[in-house]
file start.cif (mmCIF, C-alpha atoms)
data_work
loop_
_atom_site.label_atom_id
_atom_site.label_comp_id
_atom_site.auth_asym_id
_atom_site.auth_seq_id
_atom_site.Cartn_x
_atom_site.Cartn_y
_atom_site.Cartn_z
CA MET A 295 26.86 71.27 -33.01
CA GLU A 296 26.19 67.64 -32.59
CA LYS A 297 22.68 66.64 -33.41
CA THR A 298 20.84 64.60 -30.83
CA PHE A 299 18.64 61.97 -32.38
CA ASN A 300 15.39 60.94 -30.89
CA THR A 301 15.76 57.23 -30.23
CA LYS A 302 12.84 56.75 -32.55
CA ASP A 303 14.76 58.28 -35.49
CA SER A 304 17.65 55.96 -35.80
CA LEU A 305 16.51 52.57 -34.69
CA LYS A 306 15.18 49.80 -36.81
CA VAL A 307 12.72 47.06 -36.16
CA ALA A 308 14.41 44.01 -34.69
CA PRO A 309 15.34 41.18 -37.00
CA LEU A 310 12.58 38.68 -36.73
CA GLU A 311 13.91 35.35 -35.76
CA GLY A 312 10.97 33.11 -35.02
CA PHE A 313 8.48 31.58 -37.40
CA ARG A 314 5.64 32.58 -35.11
CA GLU A 315 6.54 36.27 -35.41
CA ALA A 316 6.98 35.95 -39.16
CA TYR A 317 3.66 34.17 -39.57
CA THR A 318 1.77 36.74 -37.49
CA LEU A 319 3.33 39.51 -39.57
CA HIS A 320 2.39 37.72 -42.77
CA LEU A 321 -1.27 37.63 -41.66
CA ALA A 322 -1.09 41.28 -40.59
CA ASP A 323 0.56 42.44 -43.82
CA ASN A 324 -2.00 40.67 -45.99
CA ALA A 325 -4.84 42.40 -44.15
CA LEU A 326 -3.16 45.81 -44.03
CA ILE A 327 -2.19 46.01 -47.68
CA ILE A 328 -5.57 44.97 -49.06
CA ALA A 329 -7.23 47.36 -46.58
CA GLN A 330 -5.01 50.15 -47.88
CA ARG A 331 -5.88 49.28 -51.48
CA ASN A 332 -9.62 49.18 -50.80
CA SER A 333 -9.45 52.44 -48.88
CA GLU A 334 -8.43 54.17 -52.12
CA TYR A 335 -12.15 53.96 -52.94
CA CYS A 336 -13.10 56.21 -50.03
CA GLY A 337 -15.19 58.88 -51.75
CA HIS A 338 -14.61 57.26 -55.18
CA GLY A 339 -16.90 54.21 -55.17
CA PRO A 340 -19.13 53.71 -58.21
CA ILE A 341 -22.23 54.51 -56.14
CA LEU A 342 -22.62 55.66 -52.57
CA GLU A 343 -23.76 52.31 -51.13
CA GLN A 344 -20.83 50.45 -52.68
CA ASP A 345 -18.40 53.16 -51.65
CA ILE A 346 -19.59 52.51 -48.09
CA ALA A 347 -19.40 48.74 -48.57
CA ILE A 348 -15.81 48.63 -49.83
CA THR A 349 -14.59 51.08 -47.21
CA ASN A 350 -16.40 49.11 -44.47
CA ILE A 351 -14.57 46.02 -45.67
CA SER A 352 -11.38 48.04 -45.62
CA LEU A 353 -12.06 49.00 -42.01
CA ASP A 354 -12.67 45.38 -40.99
CA LEU A 355 -9.38 44.36 -42.61
CA LEU A 356 -7.52 47.22 -40.99
CA GLY A 357 -8.91 46.05 -37.65
CA GLN A 358 -7.65 42.53 -38.35
CA SER A 359 -4.21 43.85 -39.19
CA ARG A 360 -4.12 45.86 -35.94
CA ASN A 361 -4.92 42.73 -33.92
CA PHE A 362 -2.19 40.76 -35.67
CA TYR A 363 0.40 43.58 -35.41
CA GLN A 364 -0.33 44.06 -31.71
CA TYR A 365 0.24 40.36 -31.16
CA ALA A 366 3.38 40.32 -33.31
CA ALA A 367 4.74 43.25 -31.30
CA GLN A 368 4.12 41.32 -28.08
CA LEU A 369 5.98 38.29 -29.44
CA ILE A 370 8.88 40.36 -30.75
CA ASN A 371 9.22 42.29 -27.51
CA ALA A 372 9.22 39.09 -25.47
CA ALA A 373 11.91 37.61 -27.72
CA THR A 374 13.94 40.82 -27.63
CA THR A 375 13.83 41.01 -23.85
CA SER A 376 15.09 37.48 -23.43
CA LYS A 377 17.85 37.93 -25.99
CA ARG A 378 18.67 41.58 -25.32
CA GLY A 379 22.17 42.42 -26.31
CA SER A 380 22.31 40.25 -29.37
CA LEU A 381 19.52 42.05 -31.18
CA VAL A 382 19.16 45.60 -32.45
CA LEU A 383 16.60 47.35 -30.29
CA PRO A 384 13.40 47.87 -32.20
CA PHE A 385 11.69 51.19 -32.58
CA GLY A 386 8.67 51.75 -30.47
CA GLU A 387 7.11 52.97 -27.32
CA ASP A 388 8.52 52.98 -23.83
CA LEU A 389 11.78 51.07 -23.72
CA GLY A 390 12.18 50.86 -27.45
CA GLY A 391 9.83 47.95 -27.96
CA ALA A 392 8.00 47.12 -31.16
CA SER A 393 4.42 48.33 -31.49
CA GLU A 394 1.58 47.94 -33.97
CA ASP A 395 2.62 51.31 -35.37
CA SER A 396 6.32 50.55 -35.75
CA LEU A 397 5.52 47.29 -37.53
CA ALA A 398 3.14 48.95 -40.00
CA TYR A 399 4.99 52.20 -40.54
CA LEU A 400 8.67 51.44 -40.22
CA ARG A 401 9.36 48.20 -41.97
CA THR A 402 10.70 48.28 -45.51
CA GLU A 403 9.31 46.67 -48.61
CA ARG A 404 11.50 43.57 -48.32
CA GLU A 405 10.29 43.01 -44.76
CA PHE A 406 6.63 42.84 -45.79
CA LYS A 407 5.36 39.28 -46.17
CA ASN A 408 2.03 39.83 -47.87
CA CYS A 409 0.95 37.88 -50.94
CA LEU A 410 1.37 39.62 -54.27
CA LEU A 411 -2.38 39.50 -54.95
CA VAL A 412 -3.25 42.09 -52.29
CA GLU A 413 -0.75 44.70 -53.47
CA LEU A 414 -1.87 44.82 -57.11
CA PRO A 415 -3.47 48.07 -58.32
CA ASN A 416 -7.26 48.27 -58.02
CA GLY A 417 -7.86 48.46 -61.77
CA ASP A 418 -11.56 48.97 -62.52
CA TRP A 419 -14.38 48.02 -60.15
CA GLY A 420 -14.56 44.53 -61.65
CA GLN A 421 -10.91 43.86 -60.95
CA THR A 422 -11.22 45.21 -57.41
CA ILE A 423 -14.16 43.01 -56.50
CA LEU A 424 -12.62 39.97 -58.20
CA ARG A 425 -9.48 40.41 -56.07
CA GLN A 426 -11.67 40.77 -52.99
CA PHE A 427 -13.59 37.62 -53.95
CA PHE A 428 -10.38 35.59 -54.45
CA PHE A 429 -8.94 36.89 -51.21
CA SER A 430 -12.11 36.63 -49.10
CA THR A 431 -12.60 33.03 -50.21
CA TYR A 432 -9.02 32.32 -49.13
CA GLN A 433 -9.39 34.17 -45.82
CA PHE A 434 -12.69 32.45 -45.10
CA LEU A 435 -11.12 28.98 -45.49
CA LEU A 436 -7.92 29.95 -43.70
CA TYR A 437 -9.65 31.49 -40.67
CA GLN A 438 -11.93 28.49 -40.34
CA LYS A 439 -8.78 26.45 -39.75
CA LEU A 440 -6.91 29.12 -37.80
CA GLN A 441 -9.71 29.51 -35.24
CA ASN A 442 -8.70 26.06 -33.96
CA ASN A 443 -4.96 26.77 -33.96
CA SER A 444 -3.01 25.86 -30.84
CA ASP A 445 -1.90 29.49 -30.60
CA ALA A 446 -4.82 30.90 -28.57
CA GLN A 447 -4.39 34.52 -29.67
CA LEU A 448 -4.22 33.73 -33.39
CA ALA A 449 -7.27 31.50 -32.91
CA ALA A 450 -9.20 34.29 -31.14
CA ILE A 451 -8.38 36.88 -33.82
CA ALA A 452 -9.42 34.45 -36.56
CA ALA A 453 -12.66 33.41 -34.86
CA LYS A 454 -13.69 37.03 -34.49
CA ALA A 455 -12.66 38.07 -38.00
CA LEU A 456 -14.38 35.07 -39.58
CA LYS A 457 -17.79 36.60 -38.90
CA GLU A 458 -16.82 39.68 -40.87
CA VAL A 459 -15.07 37.77 -43.65
CA THR A 460 -18.32 35.83 -44.17
CA TYR A 461 -19.96 39.13 -45.14
CA HIS A 462 -17.04 40.09 -47.41
CA LEU A 463 -17.27 36.78 -49.19
CA ARG A 464 -21.00 37.01 -49.77
CA TRP A 465 -20.80 40.60 -50.98
CA SER A 466 -17.91 39.98 -53.38
CA SER A 467 -19.45 36.73 -54.73
CA GLU A 468 -22.64 38.58 -55.55
CA TRP A 469 -20.71 41.26 -57.43
CA VAL A 470 -18.72 38.70 -59.45
CA ILE A 471 -22.04 37.11 -60.49
CA ARG A 472 -23.70 40.45 -61.23
CA LEU A 473 -20.86 41.63 -63.47
CA GLY A 474 -19.98 38.28 -65.05
CA ASP A 475 -23.60 37.56 -65.93
CA GLY A 476 -24.37 41.22 -66.63
CA THR A 477 -23.87 43.16 -69.84
CA THR A 478 -21.43 42.38 -72.65
CA GLU A 479 -19.27 45.20 -71.37
CA SER A 480 -19.22 44.00 -67.74
CA HIS A 481 -18.59 40.40 -68.87
CA GLN A 482 -15.64 41.52 -71.01
CA ARG A 483 -14.19 43.45 -68.10
CA MET A 484 -14.45 40.45 -65.81
CA LEU A 485 -12.61 38.32 -68.39
CA LYS A 486 -9.86 40.92 -68.44
CA ALA A 487 -9.77 41.01 -64.63
CA ILE A 488 -9.43 37.20 -64.46
CA ASP A 489 -6.60 37.41 -66.97
CA GLU A 490 -4.92 40.07 -64.87
CA LEU A 491 -5.27 38.39 -61.46
CA TRP A 492 -5.29 34.65 -61.97
CA ARG A 493 -1.51 34.22 -62.03
CA TYR A 494 -1.33 35.75 -58.54
CA THR A 495 -3.72 33.24 -56.93
CA GLY A 496 -1.31 30.29 -56.86
CA GLU A 497 0.90 31.90 -54.25
CA LEU A 498 -1.89 31.76 -51.67
CA PHE A 499 -1.54 27.97 -51.52
CA MET A 500 2.24 27.64 -51.69
CA PRO A 501 3.33 27.41 -48.06
CA ALA A 502 6.20 29.55 -46.80
CA ASP A 503 8.48 27.96 -44.20
CA TYR A 504 6.93 30.05 -41.41
CA GLU A 505 3.28 29.26 -42.10
CA LYS A 506 1.59 27.51 -39.19
CA GLU A 507 -1.39 26.37 -41.22
CA ASP A 508 -0.81 24.21 -44.27
CA VAL A 509 -2.36 26.46 -46.90
CA SER A 510 -1.90 23.90 -49.67
CA LEU A 511 -4.81 22.01 -48.06
CA LEU A 512 -7.15 24.94 -48.72
CA LYS A 513 -6.69 24.87 -52.46
CA ASP A 514 -9.38 22.31 -53.37
CA ASP A 515 -12.07 24.07 -51.37
CA TRP A 516 -10.98 27.41 -52.80
CA MET A 517 -11.22 26.08 -56.37
CA LYS A 518 -14.62 24.60 -55.59
CA LYS A 519 -16.03 27.91 -54.37
CA VAL A 520 -14.48 29.86 -57.25
CA SER A 521 -15.82 27.33 -59.78
CA GLU A 522 -19.34 27.57 -58.35
CA VAL A 523 -19.41 31.35 -58.43
CA PHE A 524 -17.78 31.51 -61.88
CA GLU A 525 -20.34 29.07 -63.24
CA GLU A 526 -23.20 31.21 -61.99
CA ALA A 527 -21.41 34.26 -63.34
CA THR A 528 -20.98 32.57 -66.76
CA LEU A 529 -17.22 33.09 -66.48
CA PRO A 530 -14.69 30.49 -67.64
CA LEU A 531 -12.24 28.99 -65.17
CA PRO A 532 -8.71 29.61 -66.50
CA GLU A 533 -6.53 26.76 -67.64
CA LYS A 534 -3.42 25.91 -65.65
CA ALA A 535 -1.12 28.90 -65.76
CA PHE A 536 2.29 30.04 -64.58
CA MET A 537 1.96 31.41 -61.06
CA GLN A 538 3.84 34.43 -59.76
CA THR A 539 5.33 34.06 -56.27
CA GLY A 540 7.69 35.83 -53.92
CA GLY A 541 5.53 38.11 -51.79
CA LYS A 542 5.57 35.84 -48.75
CA GLN A 543 9.37 35.92 -48.86
CA GLY A 544 9.52 39.71 -49.29
CA ILE A 545 10.08 39.76 -53.05
CA HIS A 546 7.33 42.04 -54.28
CA THR A 547 5.98 43.63 -57.42
CA GLU A 548 6.94 47.24 -58.02
CA HIS A 549 3.55 48.29 -56.64
CA LEU A 550 4.24 47.64 -52.96
CA GLY A 551 6.91 50.33 -52.80
CA TYR A 552 4.40 52.94 -53.95
CA ILE A 553 1.81 51.77 -51.43
CA LEU A 554 4.30 52.00 -48.57
CA THR A 555 5.51 55.41 -49.72
CA GLU A 556 2.02 56.74 -49.22
CA LEU A 557 1.16 54.69 -46.14
CA GLN A 558 4.39 55.42 -44.29
CA TYR A 559 4.97 59.00 -45.42
CA LEU A 560 3.95 60.71 -42.19
CA GLN A 561 6.03 58.54 -39.86
CA ARG A 562 9.03 58.63 -42.17
CA THR A 563 8.91 62.40 -42.51
CA TYR A 564 7.97 63.23 -38.92
CA PRO A 565 9.21 60.28 -36.86
CA GLY A 566 7.09 59.64 -33.79
CA ALA A 567 4.37 62.09 -34.86
CA GLU A 568 1.04 61.53 -33.13
CA TRP A 569 -2.46 62.83 -33.78
CA MET B 86 -22.80 36.03 0.53
CA VAL B 87 -22.66 39.81 0.57
CA THR B 88 -19.11 41.07 0.81
CA ALA B 89 -17.60 44.52 0.51
CA SER B 90 -16.08 43.46 -2.79
CA ASN B 91 -19.48 42.33 -4.10
CA ILE B 92 -21.04 45.66 -3.24
CA LEU B 93 -18.17 47.50 -4.88
CA THR B 94 -18.51 45.39 -8.02
CA GLN B 95 -22.21 46.21 -8.18
CA GLN B 96 -21.43 49.91 -7.84
CA ILE B 97 -18.98 49.69 -10.73
CA TRP B 98 -21.59 47.95 -12.93
CA LYS B 99 -24.03 50.77 -12.08
CA ILE B 100 -21.48 53.32 -13.29
CA LEU B 101 -20.83 51.33 -16.47
CA GLU B 102 -24.57 51.34 -17.20
CA GLU B 103 -24.26 55.09 -17.74
CA VAL B 104 -21.50 54.87 -20.36
CA THR B 105 -22.99 55.09 -23.84
CA ASP B 106 -21.81 53.94 -27.25
CA PRO B 107 -20.46 56.96 -29.15
CA GLU B 108 -21.87 55.70 -32.47
CA VAL B 109 -25.32 54.72 -31.16
CA PRO B 110 -25.67 57.02 -28.14
CA VAL B 111 -29.04 55.55 -27.13
CA LEU B 112 -27.31 52.29 -26.13
CA THR B 113 -25.12 51.84 -23.10
CA ILE B 114 -22.12 49.57 -23.19
CA THR B 115 -23.91 47.13 -20.89
CA ASP B 116 -26.94 47.05 -23.25
CA LEU B 117 -24.53 46.06 -26.01
CA GLY B 118 -22.82 43.36 -23.97
CA ILE B 119 -19.39 44.92 -24.45
CA VAL B 120 -18.50 44.67 -20.74
CA ARG B 121 -17.57 41.07 -20.00
CA ASP B 122 -16.38 41.32 -16.41
CA VAL B 123 -15.40 43.59 -13.57
CA LYS B 124 -12.58 42.55 -11.24
CA ILE B 125 -11.45 44.21 -8.05
CA THR B 126 -7.94 43.55 -6.78
CA GLY B 127 -6.91 45.68 -3.81
CA ASP B 128 -7.72 49.21 -4.91
CA GLN B 129 -7.50 48.36 -8.60
CA VAL B 130 -10.63 48.20 -10.72
CA GLU B 131 -10.26 46.14 -13.87
CA VAL B 132 -12.96 46.35 -16.53
CA ILE B 133 -12.82 43.66 -19.18
CA ILE B 134 -14.35 44.63 -22.51
CA THR B 135 -14.63 43.02 -25.91
CA PRO B 136 -14.83 44.82 -29.26
CA THR B 137 -18.03 44.51 -31.30
CA TYR B 138 -16.37 44.54 -34.72
CA THR B 139 -12.66 43.96 -35.30
CA GLY B 140 -12.12 47.37 -36.81
CA CYS B 141 -14.69 49.33 -34.82
CA PRO B 142 -13.13 52.77 -34.27
CA ALA B 143 -15.45 53.42 -31.32
CA MET B 144 -13.61 50.95 -29.07
CA ASP B 145 -10.73 53.27 -28.16
CA MET B 146 -13.24 55.97 -27.29
CA ILE B 147 -15.36 53.57 -25.24
CA ALA B 148 -12.30 52.53 -23.22
CA MET B 149 -11.54 56.19 -22.54
CA ASN B 150 -15.16 56.94 -21.57
CA ILE B 151 -15.13 54.05 -19.09
CA LYS B 152 -12.00 55.49 -17.51
CA LEU B 153 -13.50 58.97 -17.33
CA ALA B 154 -16.75 57.70 -15.78
CA LEU B 155 -14.83 55.78 -13.10
CA ILE B 156 -12.54 58.73 -12.39
CA GLU B 157 -15.60 60.93 -11.99
CA HIS B 158 -16.79 58.57 -9.28
CA GLY B 159 -13.50 58.75 -7.43
CA TYR B 160 -11.69 55.67 -8.71
CA THR B 161 -8.07 56.23 -9.69
CA ASN B 162 -6.48 52.83 -10.16
CA ILE B 163 -8.25 51.68 -13.33
CA LYS B 164 -7.28 49.05 -15.84
CA ILE B 165 -9.16 48.40 -19.06
CA THR B 166 -8.47 45.02 -20.62
CA SER B 167 -9.71 44.09 -24.08
CA VAL B 168 -10.33 40.42 -24.84
CA LEU B 169 -11.24 38.90 -28.22
CA SER B 170 -12.47 35.49 -27.15
CA PRO B 171 -15.27 34.54 -27.01
CA ALA B 172 -16.11 36.78 -29.96
CA TRP B 173 -18.85 39.34 -29.36
CA THR B 174 -22.28 38.51 -30.67
CA THR B 175 -25.55 40.43 -30.95
CA ASP B 176 -27.06 37.65 -28.79
CA TRP B 177 -25.52 39.51 -25.86
CA MET B 178 -27.57 42.62 -26.54
CA SER B 179 -30.20 43.11 -23.82
CA ASP B 180 -33.94 43.22 -24.57
CA GLU B 181 -33.92 46.72 -23.13
CA GLY B 182 -31.18 47.58 -25.63
CA LYS B 183 -33.24 46.21 -28.52
CA ARG B 184 -36.29 48.21 -27.39
CA LYS B 185 -34.22 51.41 -27.16
CA LEU B 186 -32.70 50.79 -30.61
CA LYS B 187 -36.12 50.50 -32.22
CA GLU B 188 -37.35 53.64 -30.49
CA TYR B 189 -34.25 55.42 -31.79
CA GLY B 190 -35.14 54.41 -35.37
CA ILE B 191 -32.74 51.49 -35.84
CA ALA B 192 -34.24 48.04 -36.44
CA PRO B 193 -32.78 45.68 -33.79
CA PRO B 194 -31.05 42.37 -34.70
CA GLN B 195 -33.69 39.71 -35.34
CA ASN B 196 -32.07 36.31 -35.27
CA GLU B 197 -29.64 34.38 -33.20
CA SER B 198 -26.16 34.92 -34.56
CA GLY B 199 -25.34 31.20 -34.75
CA ARG B 200 -28.12 30.57 -37.21
CA PHE B 201 -27.00 32.56 -40.19
CA GLN B 202 -29.74 33.41 -42.64
CA ARG B 203 -29.43 35.04 -46.01
CA PRO B 204 -30.78 38.59 -45.90
CA GLU B 205 -33.48 37.81 -48.48
CA SER B 206 -34.85 34.95 -46.37
CA PHE B 207 -36.28 37.06 -43.56
CA HIS B 208 -38.11 40.34 -43.23
CA VAL B 209 -36.75 43.17 -41.19
CA GLN B 210 -39.46 45.21 -39.52
CA CYS B 211 -39.55 48.93 -40.25
CA PRO B 212 -38.89 50.76 -36.97
CA GLN B 213 -41.20 53.61 -38.07
CA CYS B 214 -44.43 51.92 -39.23
CA ASN B 215 -43.77 48.28 -38.18
CA SER B 216 -44.34 46.97 -41.71
CA THR B 217 -42.35 43.90 -42.66
CA ASN B 218 -42.60 44.85 -46.32
CA THR B 219 -39.05 46.17 -46.45
CA LYS B 220 -36.05 45.75 -48.74
CA LEU B 221 -32.32 45.55 -48.31
CA ILE B 222 -30.54 48.49 -49.97
CA SER B 223 -27.00 47.62 -48.92
CA GLU B 224 -25.46 45.03 -46.62
CA PHE B 225 -23.06 47.69 -45.42
CA GLY B 226 -24.45 50.75 -43.69
CA SER B 227 -23.29 53.89 -41.92
CA THR B 228 -21.21 51.87 -39.43
CA ALA B 229 -19.75 48.35 -39.46
CA CYS B 230 -22.63 46.99 -37.37
CA LYS B 231 -25.49 48.16 -39.60
CA SER B 232 -27.12 47.43 -42.97
CA LEU B 233 -29.22 49.87 -44.94
CA TYR B 234 -32.90 49.06 -45.54
CA GLN B 235 -35.92 50.82 -46.93
CA CYS B 236 -39.58 50.36 -46.04
CA ASN B 237 -41.78 49.69 -49.10
CA ASP B 238 -44.87 50.99 -47.29
CA CYS B 239 -43.83 54.22 -45.60
CA LYS B 240 -40.82 54.60 -47.95
CA GLU B 241 -38.56 55.53 -45.05
CA PRO B 242 -34.94 54.37 -45.34
CA PHE B 243 -33.59 52.97 -42.07
CA ASP B 244 -30.60 51.24 -40.49
CA TYR B 245 -30.77 47.60 -39.39
CA PHE B 246 -28.43 46.46 -36.64
CA LYS B 247 -27.29 43.22 -38.23
CA CYS B 248 -26.86 39.88 -36.49
CA HIS B 249 -23.28 39.15 -35.72
#

call {"tool": "encode", "arguments": {"input": "start.cif", "output": "structure tokens"}}
result
Amino acid sequence: MEKTFNTKDSLKVAPLEGFREAYTLHLADNALIIAQRNSEYCGHGPILEQDIAITNISLDLLGQSRNFYQYAAQLINAATTSKRGSLVLPFGEDLGGASEDSLAYLRTEREFKNCLLVELPNGDWGQTILRQFFFSTYQFLLYQKLQNNSDAQLAAIAAKALKEVTYHLRWSSEWVIRLGDGTTESHQRMLKAIDELWRYTGELFMPADYEKEDVSLLKDDWMKKVSEVFEEATLPLPEKAFMQTGGKQGIHTEHLGYILTELQYLQRTYPGAEW
Amino acid sequence: MVTASNILTQQIWKILEEVTDPEVPVLTITDLGIVRDVKITGDQVEVIITPTYTGCPAMDMIAMNIKLALIEHGYTNIKITSVLSPAWTTDWMSDEGKRKLKEYGIAPPQNESGRFQRPESFHVQCPQCNSTNTKLISEFGSTACKSLYQCNDCKEPFDYFKCH
């Protein structure tokens, strides 16, 4: 007997032509993947208050990613409608349009455009908060620019998220200082975390062709903030180092595949499943 | 000028005043300033809302509760629109809302959101004994909108609805 496929089973997300779609997805992927990483702490934080803090941050970032994915879906659907026939119909609701869910759950590793930094394993608490500090500093500077972008929806999402990112930045700065300027053990661990993460920070400021904001312009302010916090934390700023890149173009570390396996399991196994 | 549409709009606002926040049930969505506008077009009622926090999981439920409340009052053609800009701020919370929060045991937001102050630079008043001798336990509390404090005098831990 011939098997009838649900339309949702067999279709793929549309190829993404425009830079605007790609850029919105890049912003969404960054927020989603670091949210997913931080959410691994749910019920596992070092103490209750910090368990709540990191998972709250995770929730904020997940909210950001939803806003960006919803907007990306709108853009993709508009482009697909006008060019229907030449594009593969994307998965999704109603007439096979893209949705926030299809973009998060049904794209493959090579289609994700997040920076490598956000997909790295959590490591110990020091490494987790150092990654959050690096990323929050970057997001804080980026969203300050993005809130004035000519794209009104990107600007609105950034303006709203900036308030929350301000909290993330303050919280993570304080932790870097506490651990860097803490005990010999915590200081050692922070040195190790810097060694582990530093080579993934350069990519943040190397613009991809689709980026609407020139991220290379954020680098000086980012270095300034990091230097200030490191100084207070009695941590050395690393010398110039080789920087890993590729994430923005879909070339990832081995870790992203594992993240997606867990994140996408339900929709891959039971396509179209709903709560 | 009093028009039929004006009266209808007022009725809708009255109904919305009865819809509460699922996380802080003592507050209504109008106390919080979540409802930005009500528009009537023909027989369609459009309620424009804005999320408090980007990732607030209560927003989907609030949208559903608005629908249910309007259906209960006989409206059928309902549209809920969510807008992000201008971004929600605690400045939009009503004085009545702040009073109800305190009575409920949550310290209301104290400053204007535009003037950010470091948490250690101001004193949050304990909603139980009114002492300002309190300390911040954690900037992140039981929900995205709250921080955790403790009163040094009556020793009671309490939530503070932070400025946003």

call {"tool": "interface_residues", "arguments": {"input": "start.cif", "of": "chain B", "to": "chain A", "cutoff": "10 Å", "atoms": "only C-alpha atoms", "output": "PyMOL selection string"}}
result
chain B and resi 136-142+168-174+198+203+222-230+232-233+248-249

call {"tool": "resolve_selection", "arguments": {"input": "start.cif", "expression": "the PyMOL selection byres ((chain B and resi 178) around 10)", "output": "compact mmCIF listing (two decimals) with C-alpha atoms, keeping the file's coordinate frame"}}
result
# COMPACT_ATOMS: atom_id res chain seq x y z
CA LEU B 112 -27.31 52.29 -26.13
CA ILE B 114 -22.12 49.57 -23.19
CA THR B 115 -23.91 47.13 -20.89
CA ASP B 116 -26.94 47.05 -23.25
CA LEU B 117 -24.53 46.06 -26.01
CA GLY B 118 -22.82 43.36 -23.97
CA ILE B 119 -19.39 44.92 -24.45
CA TRP B 173 -18.85 39.34 -29.36
CA THR B 174 -22.28 38.51 -30.67
CA THR B 175 -25.55 40.43 -30.95
CA ASP B 176 -27.06 37.65 -28.79
CA TRP B 177 -25.52 39.51 -25.86
CA SER B 179 -30.20 43.11 -23.82
CA ASP B 180 -33.94 43.22 -24.57
CA GLU B 181 -33.92 46.72 -23.13
CA GLY B 182 -31.18 47.58 -25.63
CA LYS B 183 -33.24 46.21 -28.52
CA PRO B 193 -32.78 45.68 -33.79
CA PRO B 194 -31.05 42.37 -34.70

call {"tool": "atom_distance", "arguments": {"input": "start.cif", "atom1": "CA of Lys231 in chain B", "atom2": "CA of Ile191 in chain B"}}
result
8.8 Å

call {"tool": "resolve_selection", "arguments": {"input": "start.cif", "expression": "the PyMOL selection byres ((chain A and resi 503) around 12)", "output": "list in words"}}
result
Gly312, Phe313, Arg314, Ala316, Tyr317, His320, Lys407, Met500, Pro501, Ala502, Tyr504, Glu505, Lys506, Glu507, Asp508, Val509, Lys542 and Gln543 of chain A

call {"tool": "atom_distance", "arguments": {"input": "start.cif", "atom1": "CA of Glu497 in chain A", "atom2": "CA of Leu410 in chain A"}}
result
7.7 Å

call {"tool": "closest_residue", "arguments": {"input": "start.cif", "among": "B:Lys220, B:Arg184, B:Lys247, B:Lys152", "to": "Gln235 in chain B", "atoms": "all atoms listed in the file"}}
result
B:Lys220

call {"tool": "residues_around", "arguments": {"input": "start.cif", "residues": "Glu556 in chain A", "least_positions_apart": "3", "cutoff": "12 Å", "atoms": "only C-alpha atoms", "output": "PyMOL selection string"}}
result
chain A and resi 327+330-331+334+399+549-553+559-563

call {"tool": "atom_distance", "arguments": {"input": "start.cif", "atom1": "CA of Ser466 in chain A", "atom2": "CA of Gly496 in chain A"}}
result
19.5 Å

call {"tool": "residues_near_point", "arguments": {"input": "start.cif", "point": "(-12.4, 45.5, -8.0)", "cutoff": "7 Å", "atoms": "all atoms listed in the file", "output": "PDB file with C-alpha atoms, in the coordinates of the input"}}
result
ATOM      1  CA  SER B  90     -16.080  43.460  -2.790  1.00  0.00           C
ATOM      2  CA  LEU B  93     -18.170  47.500  -4.880  1.00  0.00           C
ATOM      3  CA  THR B  94     -18.510  45.390  -8.020  1.00  0.00           C
ATOM      4  CA  VAL B 123     -15.400  43.590 -13.570  1.00  0.00           C
ATOM      5  CA  LYS B 124     -12.580  42.550 -11.240  1.00  0.00           C
ATOM      6  CA  ILE B 125     -11.450  44.210  -8.050  1.00  0.00           C
ATOM      7  CA  THR B 126      -7.940  43.550  -6.780  1.00  0.00           C
ATOM      8  CA  GLY B 127      -6.910  45.680  -3.810  1.00  0.00           C
ATOM      9  CA  ASP B 128      -7.720  49.210  -4.910  1.00  0.00           C
ATOM     10  CA  GLN B 129      -7.500  48.360  -8.600  1.00  0.00           C
ATOM     11  CA  VAL B 130     -10.630  48.200 -10.720  1.00  0.00           C
ATOM     12  CA  GLU B 131     -10.260  46.140 -13.870  1.00  0.00           C
TER      13      GLU B 131
END
